[in-house]
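> Contents of input-v7.txt (compact mmCIF, C-alpha atoms):
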```txt
# COMPACT_ATOMS: atom_id res chain seq x y z
CA MET Y 9 176.59 110.51 -77.04
CA GLN Y 10 173.08 110.84 -75.56
CA LEU Y 11 174.02 108.69 -72.58
CA THR Y 12 177.09 110.87 -71.91
CA CYS Y 13 174.99 114.04 -72.05
CA LEU Y 14 172.41 112.51 -69.73
CA CYS Y 15 175.13 111.53 -67.24
CA LEU Y 16 176.56 115.06 -67.31
CA VAL Y 17 173.13 116.57 -66.70
CA VAL Y 18 172.42 114.22 -63.78
CA ALA Y 19 175.84 114.98 -62.27
CA ALA Y 20 175.33 118.73 -62.63
CA VAL Y 21 171.86 118.57 -61.06
CA SER Y 22 173.22 116.45 -58.19
CA ILE Y 23 175.95 118.99 -57.47
CA VAL Y 24 173.54 121.93 -57.55
CA LEU Y 25 171.01 120.17 -55.31
CA SER Y 26 173.63 119.11 -52.78
CA LYS Y 27 174.96 122.68 -52.55
CA THR Y 28 171.47 124.04 -51.88
CA GLY Y 29 170.99 121.58 -49.04
CA ILE Y 30 168.05 119.88 -50.70
CA PHE Y 31 169.51 116.43 -50.00
CA LYS Y 32 169.56 117.13 -46.26
CA PRO Y 33 166.32 115.56 -45.02
CA GLU Y 34 165.95 118.12 -42.24
CA ILE Y 35 166.05 121.17 -44.53
CA GLU Y 36 163.37 122.07 -47.04
CA ILE Y 37 163.70 124.63 -49.82
CA LYS Y 38 160.74 126.86 -50.48
CA ASP Y 39 159.78 127.26 -54.11
CA GLY Y 40 156.77 129.41 -54.87
CA GLN Y 41 154.15 129.17 -52.15
CA ALA Y 42 155.32 127.76 -48.85
CA PRO Y 43 153.24 124.84 -47.56
CA LEU Y 44 153.11 126.46 -44.11
CA ALA Y 45 152.81 129.84 -42.45
CA LEU Y 46 156.28 131.33 -42.30
CA PRO Y 47 157.36 133.65 -39.49
CA ASP Y 48 157.77 137.42 -39.67
CA PHE Y 49 161.31 138.77 -39.89
CA ILE Y 50 163.39 141.52 -38.38
CA GLU Y 51 166.36 143.07 -40.19
CA GLU Y 52 169.58 143.67 -38.28
CA SER Y 53 172.91 144.59 -39.90
CA GLY Y 54 171.68 143.53 -43.33
CA ILE Y 55 170.47 140.07 -42.25
CA LEU Y 56 166.79 139.08 -42.01
CA TYR Y 57 166.16 136.97 -38.88
CA PRO Y 58 162.91 135.10 -38.21
CA ILE Y 59 160.88 136.32 -35.24
CA ILE Y 60 160.49 133.35 -32.91
CA GLU Y 61 158.40 133.71 -29.79
CA ASN Y 62 157.08 131.30 -27.20
CA VAL Y 63 157.09 127.63 -28.09
CA THR Y 64 154.77 124.89 -26.84
CA LEU Y 65 156.12 121.36 -26.47
CA ALA Y 66 154.65 118.08 -25.25
CA ALA Y 67 156.16 116.79 -22.00
CA GLY Y 68 158.69 114.02 -22.52
CA GLU Y 69 158.66 114.36 -26.31
CA THR Y 70 161.85 114.86 -28.28
CA LYS Y 71 160.09 116.37 -31.30
CA SER Y 72 159.44 120.09 -31.63
CA GLU Y 73 157.78 122.02 -34.42
CA ILE Y 74 159.40 125.43 -34.59
CA ILE Y 75 159.59 126.96 -38.06
CA LEU Y 76 163.24 127.93 -38.48
CA HIS Y 77 163.38 129.85 -41.75
CA ASN Y 78 166.13 131.63 -43.65
CA HIS Y 79 164.53 134.45 -45.64
CA ASP Y 80 165.10 134.37 -49.39
CA GLY Y 81 166.38 137.96 -49.14
CA ASN Y 82 169.46 136.76 -47.25
CA THR Y 83 172.71 135.85 -48.99
CA CYS Y 84 174.04 133.88 -46.00
CA ASN Y 85 173.32 130.51 -44.43
CA LEU Y 86 171.80 130.40 -40.94
CA THR Y 87 172.13 127.86 -38.14
CA PHE Y 88 169.75 127.62 -35.20
CA GLU Y 89 170.67 126.40 -31.71
CA LEU Y 90 168.06 125.94 -28.96
CA ILE Y 91 169.57 126.30 -25.48
CA LEU Y 92 168.07 126.14 -21.99
CA THR Y 93 169.02 129.42 -20.33
CA ASP Y 94 169.51 128.20 -16.76
CA THR Y 95 171.80 125.26 -17.62
CA GLY Y 96 173.27 126.22 -20.99
CA GLU Y 97 172.24 122.80 -22.30
CA THR Y 98 171.85 122.58 -26.07
CA LEU Y 99 168.58 120.85 -26.96
CA TYR Y 100 168.94 121.27 -30.71
CA LEU Y 101 171.49 122.43 -33.28
CA SER Y 102 170.60 122.67 -36.97
CA GLU Y 103 172.60 122.15 -40.10
CA PRO Y 104 173.24 125.37 -42.09
CA VAL Y 105 169.99 126.51 -43.72
CA PRO Y 106 170.41 128.25 -47.10
CA PRO Y 107 168.31 131.27 -48.16
CA SER Y 108 164.68 130.20 -48.81
CA GLY Y 109 165.27 127.05 -46.74
CA TYR Y 110 163.46 126.17 -43.56
CA ILE Y 111 163.22 123.46 -40.95
CA ARG Y 112 159.77 122.67 -39.64
CA GLU Y 113 160.56 119.85 -37.19
CA GLN Y 114 163.44 119.36 -34.82
CA LYS Y 115 164.64 116.32 -32.88
CA LEU Y 116 165.62 117.49 -29.42
CA THR Y 117 168.42 115.82 -27.46
CA ARG Y 118 165.88 114.97 -24.75
CA GLY Y 119 162.29 115.56 -23.72
CA LEU Y 120 161.47 118.00 -20.91
CA PRO Y 121 159.16 117.50 -17.93
CA GLU Y 122 156.01 119.61 -17.75
CA GLY Y 123 156.64 123.25 -16.86
CA ASN Y 124 157.87 126.57 -18.21
CA TYR Y 125 161.51 127.02 -19.22
CA GLU Y 126 163.48 130.09 -20.19
CA ALA Y 127 165.44 129.33 -23.34
CA GLU Y 128 167.15 131.05 -26.22
CA ILE Y 129 167.62 130.38 -29.87
CA ILE Y 130 171.04 131.41 -31.10
CA ILE Y 131 170.95 132.22 -34.80
CA ARG Y 132 174.34 132.32 -36.51
CA ALA Y 133 174.83 133.74 -40.00
CA TYR Y 134 177.60 132.23 -42.15
CA ASP Y 135 179.16 133.12 -45.47
CA PRO Y 136 178.08 130.30 -47.83
CA GLU Y 137 181.43 130.29 -49.63
CA ASP Y 138 183.97 129.94 -46.81
CA GLN Y 139 181.64 129.30 -43.80
CA THR Y 140 183.02 132.35 -41.94
CA GLU Y 141 180.66 133.37 -39.14
CA LEU Y 142 179.23 136.81 -40.01
CA ARG Y 143 176.89 137.60 -37.13
CA THR Y 144 175.12 136.05 -34.17
CA LYS Y 145 171.69 136.91 -32.79
CA THR Y 146 170.30 135.55 -29.54
CA VAL Y 147 166.51 135.32 -29.31
CA PRO Y 148 165.06 134.74 -25.82
CA ILE Y 149 161.98 132.49 -25.79
CA GLU Y 150 159.87 130.61 -23.30
CA LEU Y 151 159.26 126.90 -23.65
CA ASP Y 152 155.78 125.94 -22.41
CA VAL Y 153 155.95 122.18 -21.85
CA GLN Y 154 152.47 120.73 -21.45
CA PRO Y 155 151.23 117.26 -20.47
```
Could you rewrite the structure in this file as structure tokens?

Amino acid sequence: MQLTCLCLVVAAVSIVLSKTGIFKPEIEIKDGQAPLALPDFIEESGILYPIIENVTLAAGETKSEIILHNHDGNTCNLTFELILTDTGETLYLSEPVPPSGYIREQKLTRGLPEGNYEAEIIIRAYDPEDQTELRTKTVPIELDVQP
């Protein structure tokens, strides 16, 4: 009897954790104090979007450290896509991030040579139940790629 109850509890916890995205290594769920400084937000059409400004990257590196956060006041999942403006090339596309979740590191599709690049982050809001796209916000940024 105890073993059956334990198995049911483990199964229930596994289901809950997988639905929150906690098993996705890229996404972290904030509980209590965040271990990093989270961005400010702007509200548009009932959705809180993170304010993302200029980003500094190391030349040739495929790792970036942009805090992509879904505010805990949202009821939708967010995805984040980093695109070079002049070519339309996608450098990064996230998994859906649930409310209170954030991504602190991204693996880019390729490193960039030194220089400044116009880019945009496309933030898409999705209904967590049926994955219907609710809204899209495009955030222009500048990538400062340094040696």
> Show which residues sit within 7 Å of stretch 120-132 of chain Y, as a list in words. Count only C-alpha atoms, and ignore same-chain residues fewer than 6 positions away.
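Close residues of stretch 120-132 of chain Y: Ala67, Gly68, Leu86, Thr87, Phe88, Glu89, Leu90, Ile91, Leu92, Thr93, Glu141, Arg143, Thr144, Lys145, Thr146, Val147, Pro148, Ile149, Glu150, Leu151, Asp152, Val153, Gln154 and Pro155 of chain Y.
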> If I take atom CA of Y:Leu99 and atom CA of Y:Leu116, how far is one from the other in Å, to one decimal?
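About the pair atom CA of Y:Leu99 and atom CA of Y:Leu116: they are 5.1 Å apart.
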> Please provide the set of residues having any atom within 8 Å of Y:Glu69, restricted to all atoms listed in the file, with same-chain residues fewer than 4 positions apart removed, written as a PyMOL selection string.
chain Y and resi 65+118-120
> Compute the distance from (177.4, 131.6, -43.9) to each atom, counting all atoms listed in the file, keep the residues with any atom at most 10 Å away, and return them as a list in words; use the coordinates of the file.
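Result, sorted by chain then residue number: Thr83, Cys84, Asn85, Leu86, Thr87, Pro104, Val105, Pro106, Arg132, Ala133, Tyr134, Asp135, Pro136, Glu137, Asp138, Gln139, Thr140, Glu141, Leu142 and Arg143 of chain Y.
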> Contacts of stretch 70-78 of chain Y at 6 Å or less, counting only C-alpha atoms, minus same-chain residues fewer than 4 places along, as a list in words?
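My list of contacting residues is Pro107, Ser108, Gly109, Tyr110, Ile111, Arg112, Glu113, Gln114, Lys115, Leu116, Arg118 and Gly119 of chain Y.
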> Which residues are near Y:Phe49? Cut-off 8 Å, all atoms listed in the file, ignore same chain within fewer than 6 positions. Put them as a PyMOL selection string.
chain Y and resi 56-59+79
> Work out how far atom CA of Y:Gly81 is from atom CA of Y:Asp48, in Å to one decimal.
12.8 Å
> Just give me the gap between atom CA of Y:Thr117 and atom CA of Y:Glu97 in Å, one decimal is fine.
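Here the two named atoms are 9.5 Å from each other.
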